[in-house]
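Q: First the structure, which I've put down as structure tokens, then a few questions once you've had a look.
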Amino acid sequence: MKNIVLEYAYSYPGVTIERNVEVGQWDNGRETGTLFTGSGDSQALAHIGWDDLEKMGIWTRESDGSFYGCGNRAWYITEDEAAALIALDNERTAQIEANRPAREAAEAEYERHYQAVVKMMDDDIYPYC
């Protein structure tokens, strides 16, 4: 059976699903814990946040360990949980891509207005700036 571990890192955005992780222990003399090491078989979920993990009941579970490096939490997850998170991320990616033309058109319109104001200020047509 594959180890599937979900990592949520505090210091950089996103959630990552790691498959086939190595499991070890750390001990700093005062406390011990589980340390995961990724195998490189990972999938970043750019559009998944802690609130999604909370809705799925993952966030509220006790963390199963962490990965080496900056602050993070990690949990063992099932194949079904991994599939649900990947599907949700894919759905959000598709929505973002579908909205891209409208967003780019709005940004272009804003830029046209901005450049018109800059030109008026440069030409002293807009006297209060």
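Labeling convention for the structure tokens: chains A, B, ... as they appear, residues from 1 per chain, ligands from 1 in order of appearance.
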For region 15-29 of chain A, please output as a PyMOL selection string all residues within 9 Å (counting only C-alpha atoms; exclusion window: fewer than 3 positions along the same chain).
A: chain A and resi 2-9+32-50+77+82+86
Q: As a PyMOL selection string, please: every residue in region 40-94 of chain A that DSSP puts in helix (DSSP H, G or I).
A: chain A and resi 50-55+79-94
Q: Write to file, as a PDB file, in the first residue's frame, the residues of the selection just made, with N, CA and C atoms.
A:
```pdb
ATOM      1  N   TRP A  50      -6.596  25.889   3.508  1.00  0.00           N
ATOM      2  CA  TRP A  50      -6.895  25.228   4.789  1.00  0.00           C
ATOM      3  C   TRP A  50      -8.388  25.078   5.010  1.00  0.00           C
ATOM      4  N   ASP A  51      -9.192  26.024   4.489  1.00  0.00           N
ATOM      5  CA  ASP A  51     -10.642  25.930   4.673  1.00  0.00           C
ATOM      6  C   ASP A  51     -11.222  24.709   3.949  1.00  0.00           C
ATOM      7  N   ASP A  52     -10.637  24.349   2.806  1.00  0.00           N
ATOM      8  CA  ASP A  52     -11.077  23.137   2.113  1.00  0.00           C
ATOM      9  C   ASP A  52     -10.720  21.900   2.934  1.00  0.00           C
ATOM     10  N   LEU A  53      -9.537  21.924   3.523  1.00  0.00           N
ATOM     11  CA  LEU A  53      -9.118  20.803   4.369  1.00  0.00           C
ATOM     12  C   LEU A  53     -10.009  20.702   5.603  1.00  0.00           C
ATOM     13  N   GLU A  54     -10.438  21.836   6.118  1.00  0.00           N
ATOM     14  CA  GLU A  54     -11.331  21.840   7.274  1.00  0.00           C
ATOM     15  C   GLU A  54     -12.689  21.246   6.904  1.00  0.00           C
ATOM     16  N   LYS A  55     -13.224  21.632   5.739  1.00  0.00           N
ATOM     17  CA  LYS A  55     -14.519  21.097   5.290  1.00  0.00           C
ATOM     18  C   LYS A  55     -14.475  19.583   5.104  1.00  0.00           C
ATOM     19  N   GLU A  79      -6.852   7.382  -0.605  1.00  0.00           N
ATOM     20  CA  GLU A  79      -6.892   7.610  -2.054  1.00  0.00           C
ATOM     21  C   GLU A  79      -8.142   8.406  -2.430  1.00  0.00           C
ATOM     22  N   ASP A  80      -9.270   8.142  -1.759  1.00  0.00           N
ATOM     23  CA  ASP A  80     -10.509   8.883  -2.037  1.00  0.00           C
ATOM     24  C   ASP A  80     -10.369  10.353  -1.662  1.00  0.00           C
ATOM     25  N   GLU A  81      -9.732  10.638  -0.525  1.00  0.00           N
ATOM     26  CA  GLU A  81      -9.518  12.037  -0.134  1.00  0.00           C
ATOM     27  C   GLU A  81      -8.590  12.732  -1.125  1.00  0.00           C
ATOM     28  N   ALA A  82      -7.544  12.043  -1.547  1.00  0.00           N
ATOM     29  CA  ALA A  82      -6.624  12.616  -2.539  1.00  0.00           C
ATOM     30  C   ALA A  82      -7.358  12.902  -3.842  1.00  0.00           C
ATOM     31  N   ALA A  83      -8.167  11.965  -4.288  1.00  0.00           N
ATOM     32  CA  ALA A  83      -8.924  12.140  -5.537  1.00  0.00           C
ATOM     33  C   ALA A  83      -9.892  13.314  -5.431  1.00  0.00           C
ATOM     34  N   ALA A  84     -10.558  13.462  -4.286  1.00  0.00           N
ATOM     35  CA  ALA A  84     -11.504  14.571  -4.095  1.00  0.00           C
ATOM     36  C   ALA A  84     -10.784  15.914  -4.119  1.00  0.00           C
ATOM     37  N   LEU A  85      -9.622  15.997  -3.480  1.00  0.00           N
ATOM     38  CA  LEU A  85      -8.857  17.251  -3.476  1.00  0.00           C
ATOM     39  C   LEU A  85      -8.338  17.587  -4.871  1.00  0.00           C
ATOM     40  N   ILE A  86      -7.865  16.590  -5.583  1.00  0.00           N
ATOM     41  CA  ILE A  86      -7.369  16.812  -6.950  1.00  0.00           C
ATOM     42  C   ILE A  86      -8.507  17.258  -7.858  1.00  0.00           C
ATOM     43  N   ALA A  87      -9.667  16.639  -7.733  1.00  0.00           N
ATOM     44  CA  ALA A  87     -10.831  17.025  -8.550  1.00  0.00           C
ATOM     45  C   ALA A  87     -11.247  18.463  -8.250  1.00  0.00           C
ATOM     46  N   LEU A  88     -11.265  18.843  -6.972  1.00  0.00           N
ATOM     47  CA  LEU A  88     -11.634  20.212  -6.598  1.00  0.00           C
ATOM     48  C   LEU A  88     -10.625  21.215  -7.151  1.00  0.00           C
ATOM     49  N   ASP A  89      -9.342  20.888  -7.066  1.00  0.00           N
ATOM     50  CA  ASP A  89      -8.309  21.767  -7.609  1.00  0.00           C
ATOM     51  C   ASP A  89      -8.446  21.899  -9.123  1.00  0.00           C
ATOM     52  N   ASN A  90      -8.704  20.788  -9.809  1.00  0.00           N
ATOM     53  CA  ASN A  90      -8.889  20.826 -11.267  1.00  0.00           C
ATOM     54  C   ASN A  90     -10.111  21.658 -11.652  1.00  0.00           C
ATOM     55  N   GLU A  91     -11.185  21.540 -10.875  1.00  0.00           N
ATOM     56  CA  GLU A  91     -12.396  22.320 -11.134  1.00  0.00           C
ATOM     57  C   GLU A  91     -12.116  23.819 -10.989  1.00  0.00           C
ATOM     58  N   ARG A  92     -11.402  24.190  -9.946  1.00  0.00           N
ATOM     59  CA  ARG A  92     -11.082  25.615  -9.741  1.00  0.00           C
ATOM     60  C   ARG A  92     -10.132  26.134 -10.808  1.00  0.00           C
ATOM     61  N   THR A  93      -9.196  25.310 -11.240  1.00  0.00           N
ATOM     62  CA  THR A  93      -8.284  25.707 -12.317  1.00  0.00           C
ATOM     63  C   THR A  93      -9.072  25.958 -13.598  1.00  0.00           C
ATOM     64  N   ALA A  94     -10.031  25.094 -13.895  1.00  0.00           N
ATOM     65  CA  ALA A  94     -10.863  25.262 -15.094  1.00  0.00           C
ATOM     66  C   ALA A  94     -11.696  26.543 -15.007  1.00  0.00           C
TER      67      ALA A  94
END
```
Q: Taking the backbone alone, and naming residues the way the document does, which bits of region 26-69 of chain A are strand (DSSP E or B) by DSSP, as a list in words?
A: Trp26, Asp27, Thr32, Gly33, Thr34, Leu35, Phe36, Thr37, Ser42, Gln43, Ala44, Leu45, Gly65, Ser66 and Phe67 of chain A
Q: Keeping only N, CA and C atoms, write the selected residues to a file as a short mmCIF file (atom, residue, chain, number, x, y, z; two decimals), in the first residue's frame.
A:
```cif
data_model
loop_
_atom_site.label_atom_id
_atom_site.label_comp_id
_atom_site.auth_asym_id
_atom_site.auth_seq_id
_atom_site.Cartn_x
_atom_site.Cartn_y
_atom_site.Cartn_z
N TRP A 26 12.17 12.35 14.41
CA TRP A 26 13.11 13.39 14.84
C TRP A 26 13.05 13.46 16.35
N ASP A 27 14.15 13.91 16.92
CA ASP A 27 14.27 14.01 18.38
C ASP A 27 15.22 15.16 18.67
N THR A 32 9.79 14.52 20.47
CA THR A 32 10.02 13.72 19.27
C THR A 32 8.80 13.85 18.36
N GLY A 33 8.97 13.46 17.11
CA GLY A 33 7.85 13.52 16.18
C GLY A 33 8.17 12.75 14.91
N THR A 34 7.16 12.62 14.09
CA THR A 34 7.30 11.92 12.81
C THR A 34 7.78 12.90 11.76
N LEU A 35 8.78 12.49 11.00
CA LEU A 35 9.34 13.31 9.94
C LEU A 35 9.16 12.58 8.62
N PHE A 36 8.47 13.23 7.68
CA PHE A 36 8.25 12.66 6.36
C PHE A 36 9.30 13.20 5.39
N THR A 37 9.73 12.36 4.47
CA THR A 37 10.63 12.77 3.40
C THR A 37 9.97 12.38 2.09
N SER A 42 5.05 14.00 -6.22
CA SER A 42 4.15 14.92 -5.54
C SER A 42 3.29 15.68 -6.54
N GLN A 43 2.20 16.19 -6.03
CA GLN A 43 1.30 17.00 -6.85
C GLN A 43 0.88 18.21 -6.04
N ALA A 44 1.23 19.40 -6.53
CA ALA A 44 0.85 20.64 -5.87
C ALA A 44 -0.60 20.97 -6.23
N LEU A 45 -1.34 21.40 -5.23
CA LEU A 45 -2.74 21.79 -5.41
C LEU A 45 -2.84 23.28 -5.12
N GLY A 65 2.47 14.28 11.39
CA GLY A 65 3.89 14.59 11.35
C GLY A 65 4.14 15.83 10.53
N SER A 66 5.36 15.97 10.05
CA SER A 66 5.71 17.14 9.24
C SER A 66 6.86 16.77 8.31
N PHE A 67 7.08 17.63 7.34
CA PHE A 67 8.21 17.49 6.43
C PHE A 67 9.34 18.37 6.93
#
```
